[in-house]
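A short worksheet on the structure shown next.
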Amino acid sequence: MNCIIGTAKKNIFLMFMIAGFSLQAQQAWFADGYHGGIYGHYPKWQAKFMVDQLKANPGWVINLEIEPETWDTISIKDADNFAALQAYYDKEGRHGRIEFVNPTWAQPYCYNISGESIIRQFSYGIAKTRAYFPNATFRTYAVEEPCFTSSLPQILKGFGFKYAVLRNPNTCWGGYTSAFGKDMVNWIGPDGTSILAVPRYAIEGLSKESTWQTDSWTNSREFIHACFQDGIQYPVGMCFQDAGWDFGPWRNAYQPTAYTTWTDYIERIKDRVEASDWRFTQEDIQPGLVWGAQVMQRIAQEVRVSENRLLAAEKMATLDYLYHNKPWPEEDFAEAWRTLMLAQHHDCWIVPYNGKQGNTWADKVTRWTRSTNRIADEKIFSLFGEAKESAFVRVYNTLGSTRKEKVDLILPDYLKENNLTVIDTENHVVPSQLSLDSRGNKLIHFEAEVSGMGYTTFQLKKTAVSVSDKTEMVWDSNECLKIETNYYSVLFDPAKGGTITSLVDKRNCGAELVMSNRSLNNLKGFFYREEKFHEGAESPATLSVVEDGPLFITVKVENQIAGNSYYQLVTFHKNNPRIDFTLHIDWEGQPGIGAYDHHDNYEATDRRKAFYNDKFKLHVEFPLDKVGERLFKNAPFDVCESELRNTLFSSWDSLRHNVILHWVDLTDQVGERGVALFTDHTTSYLQHDDLPLGLTVQYIGKALWGRDYKVHGPTEIHYALFPHAGDWEKGMVQRESDAWNEPLIAQFSNKLSTSVRNLIETIDSNLEISSAKIENEALIVRLYNSSSDKKPQRIILNGEVDGIEQIDLKGDKIADVAYEKKANGQLSTEISIPQFGFKTLRIKRIKPF
C-alpha cells in the first residue's frame with residue numbers, strides 16, 4: 001500500500017514537473033492553412049471540413065491560399081457548406097481565425113511572367129475573392145510554392161498589403177528562397193520599396209529527409225531549439241496543407257506552439273524585434289524547374305505570345321475607344337486575362353503532364369492561350385472597321401517612344417501578283433522587301449516610323465519593277481560564306497556546322513565578338529545513351545541565302561546532330577543591329593539528352609537529379625569575346641546584376657538562379673560594350689568558366705516524380721543577339737527587348753482624313769508604357785522606368801484632359817499630377833519614378849486630337 005502511495009506521489013510530482021516545464025518553456029508559433037483550388041485540387045467536402053475542424057479545435061486558425069475562381073464552382077456545387085464558410089469568416093471578422101494570404105487568380109510563380117501579368121493576377125483575384133467575401137482583407141502575402149519575385153514589395157504595397165512571408169517550407173520541389181536573417185526583415189525591392197517580412201531564417205536549412213521541404217515545416221524540437229540558440233526570439237513554422245488533406249490541425253513536435261494567422265503573428269512581434277534590411281535580389285529566388293523540357297518550352301512560348309498580344313490589344317483598343325468612341329470591351333478583356341492567368345498557374349509549369357490524356361496541364365495551357373489570342377486578335381484586327389481591297393496600311397506603335405523599324409504584312413489575294421512600292425505620308429518611297437513565309441503566304445516588309453502610342457498610314461502602289469538592294473557577300477576559297485552589312489562583317493563556316501566563326505561589330509570599333517577558335521551559335525549536348533557530347537560544329541552543314549533585299553538578309557544553315565536534322569535561320573537587318581535566329585529541330589525517336597540516364601534509378605529523395613545540370617542539356621553556345629565580366633538579367637519590373645560566376649548545379653540543395661525571362665546581357669568590366677541575348681520564352685541560361693553564355697534548348701529524360709519528359713514533334717525556338725555600345729542601360733537593351741516583344745502592327749485600313757496620330761510620347765526611351773486601358777471613361781496608363789537617371793521623366797499628351805491623378809493599384813488616388821499646356825495644344829507633364837519603379841496615372845476625360 002505504501003509502495004502504491006509512494007509511486008502515486010512520484011507520478012503526481014512528475015506531472016507537476018512536466019507542467020511546470022511547459023509553463024516555463026519558450027513559446028513558438030505555427031502558420032497552418034490550405035493551398036489549392038478548383039484547377040489544382042479542391043474536393044467538394046473541403047468547406048465543410050474546414051468549418052467543422054475550426055469549431056472542434058478552438059485554438060486552431062488557418063491561412064487560406066485558394067484560387068479565387070474556386071468559389072464560382074463551390075458556391076453552386078456545395079452551396080450550403082460554402083455559405084457556412086462565408087458566415088464563419090464574417091462572424092470571426094478581419095482579426096479572426098481565417099485569413100486570405102494569396103489572392104492571385106492562379107498562384108503563379110511570378111518570376112517567370114511579366115510584371116503586368118502579376119498585377120492583373122492580384123487585381124482580378126482580389127475582386128473575385130471580395131465578390132464572395134465582401135469583408136475580405138489582404139494584409140499579408142504568403143504562399144506554399146516559391147511564388148516570389150524581387151519586385152513584389154512595390155506590387156504588394158500598391159494593393160494595400162503590409163506584410164509578406166519569404167518562405168515556402170513544405171513545397172520546395174520547384175525551388176526556394178535564400179536563407180537570411182532572424183525574426184523579421186525589411187524586404188527591400190529593386191525600386192527601394194520596403195515591406196516587413198518573415199524570412200526563411202538563416203539557420204533554416206533544407207530537409208535531410210526530402211527534396212521538397214525546409215526545417216520549419218513541422219516545428220520540430222531541433223528546429224525550434226536551433227532558432228532560440230541563434231537568437232530568434234519568436235520562432236514560427238509553416239505548412240500550408242494541400243486542399244484535400246484531412247489531417248485537420250497540423251501536428252507540431254515542439255510545445256508550446258500556438259497556431260496563428262500570418263498577420264496576427266507579425267503584428268504581435270513587429271514592435272518587439274528589430275528587423276534587419278534585406279536587399280533581396282532576383283538571385284535570392286532559386287528555382288528548380290525542368291528547364292529545356294519541350295513541354296515546358298511550349299508552355300512558356302504560348303504564355304509569352306499571349307502576354308504580348310493581350311497587352312498590345314488593350315493599347316490598340318484604347319486608341320480605338322478614344323479616337324472613334326468605340327465601346328470598351330471590358331468583359332472580353334476580362335475573359336482574355338482569365339485564360340492567360342490560368343495558363344500562368346504554377347502547376348502548369350511544374351506538373352505539365354498531370355491530368356488525363358488530352359486534358360493535362362499542358363493541354364489546358366494550349367486551350368487557354370488560344371482563347372486569349374482569339375480575343376486579342378479580334379480586338380486588334382477589328383480596329384477602325386473593315387477595309388475591303390484597300391491599298392492603305394496603318395502601322396500601330398504600342399510603345400511610348402517613336403520607333404523606326406521593319407514591319408511585316410501578309411498580302412491579300414488582290415495584291416499578291418503585283419510588285420509594290422510603299423509610300424509614306426509625305427509621298428516618299430520607303431525601303432521594302434517581299435518574301436514568302438513557311439505557309440506560302442506572300443509578305444511585304446517595309447520600314448515604318450511611328451510615334452509613341454499612335455499610328456502612321458502608308459500606301460501600297462503597284463510598280464513594274466521591285467526595289468532591289470543586294471547584300472555584299474562572297475564565298476571564299478575555303479567555301480566559307482562572308483557577309484557584309486551596315487553593322488557587321490560575318491563569317492559562316494560550313495565545315496564547322498555552319499556556325500559563325502567571326503562576327504565583327506563595325507560600329508563598335510570593329511570589335512571581334514567571337515572568341516578565337518570558337519563557334520558562335522553552335523548546338524551542343526550530351527546524349528547519354530551514347531555517353532558522349534555531340535555538337536553541330538562536328539558535322540559539315542549546307543548554307544544558303546534564302547532572303548536578300550533592302551531590309552534584311554537571311555542565311556539558312558542545314559545540319560544534323562546525333563542523327564537529328566535541324567536548321568537555323570540567321571537574319572541580319574540592314575538598319576538594326578539586332579540579329580535574329582530561328583532554330584528548328586526534327587527529332588528521330590526519343591534521344592536521351594542530359595547528364596545521365598535516370599530511368600532505372602530515379603528516387604524522389606535523391607538530391608542529385610539529371611535535369612538540374614544545364615551543361616549536359618542541348619544548348620546553343622555564344623562564346624563572346626571580351627565581354628562577360630558582368631552579366632545582367634531582366635526580371636518583372638527589375639534588372640539584376642548577377643553575382644554568379646557559374647550557373648551550373650546538379651543537386652536540389654545547391655539550386656542557383658539561372659533564369660532568363662526576356663533577356664540577359666553580357667558587358668565588359670567597365671561597361672564600354674556588351675551583347676544581349678533575347679529569348680521567346682522563359683527558360684534557363686548557362687554561364688561557366690569555359691562558356692560566358694549559353695541558352696538551354698532541350699532536355700529529354702526523367703525529371704520530377706520520375707516523369708519521362710519526352711519530345712512531342714519538332715522543337716522550334718526563336719532568340720536574338722543585340723550587340724551594343726555601353727552597358728545594358730546606355731545600350732537601350734530594355735527598350736529593344738520591348739520592341740522585339742511588341743513589334744509594330746500593320747493592317748489594311750480605309751483611308752481616313754487623319755493619317756498620323758500620336759496619343760502619348762515618352763521622351764525618355766527607358767520609360768516604358770507597361771499598360772494602357774480604359775476604366776470608367778478614364779485612361780489608365782502604367783509607366784515603368786528602367787533608367788538610373790534621377791531626373792523627372794517628361795510625357796507628352798496630344799489631347800485635352802479634365803485632370804491627371806496618380807493612383808495606386810487599388811485605384812485609389814495618391815496625388816494630383818500637374819501638367820502644362822504648350823502653344824501647339826499638347827500637354828506636358830513630368831513625373832519622378834525611381835529606377836525599376838512604376839507609377840499608374842488616371843487621365844480623366846481625355847479628348848485626343
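All residue names refer to the C-alpha cells as shown: chains lettered A, B, ... in order, residues numbered from 1 in each chain, ligands numbered from 1 in order.
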Original post:
DSSP says alpha helix (DSSP H) for which residues of range 330-494 of chain A? Put them as a PyMOL selection string?
Top reply: chain A and resi 330-343+346-350+361-381+413-416
**OP:** Might you pull out every residue within 12 Å of Leu436 in chain A, with only C-alpha atoms counted and same-chain residues fewer than 2 positions away left off, and present them as a ChimeraX atom specification?
**Re:** /A:408-411,416,433-434,438-445,546-547
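The interatomic distance for the pair CA of Leu503 in chain A and CA of Leu520 in chain A works out to 8.6 Å.
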**OP:** Please report, as JSON, numbers by chain, each residue of range 465-688 of chain A to which DSSP assigns strand (DSSP E or B) when run on this structure's backbone.
**Re:** {"A": [472, 473, 474, 475, 481, 482, 483, 484, 488, 489, 490, 491, 492, 493, 499, 500, 501, 502, 503, 504, 505, 511, 512, 514, 520, 522, 523, 524, 525, 526, 527, 532, 533, 534, 535, 542, 543, 544, 545, 546, 547, 548, 552, 553, 554, 555, 556, 557, 558, 559, 560, 561, 564, 565, 566, 567, 568, 569, 570, 571, 572, 573, 579, 580, 581, 582, 583, 584, 585, 586, 593, 608, 618, 619, 620, 621, 624, 630, 631, 632, 633, 634, 635, 638, 639, 640, 641, 651, 659, 660, 663, 664, 665, 666, 667, 673, 674, 675, 676, 677, 678, 679, 683, 684, 685, 686, 687, 688]}
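Note that CA of Glu761 in chain A and CA of Glu820 in chain A are 14.9 Å apart.
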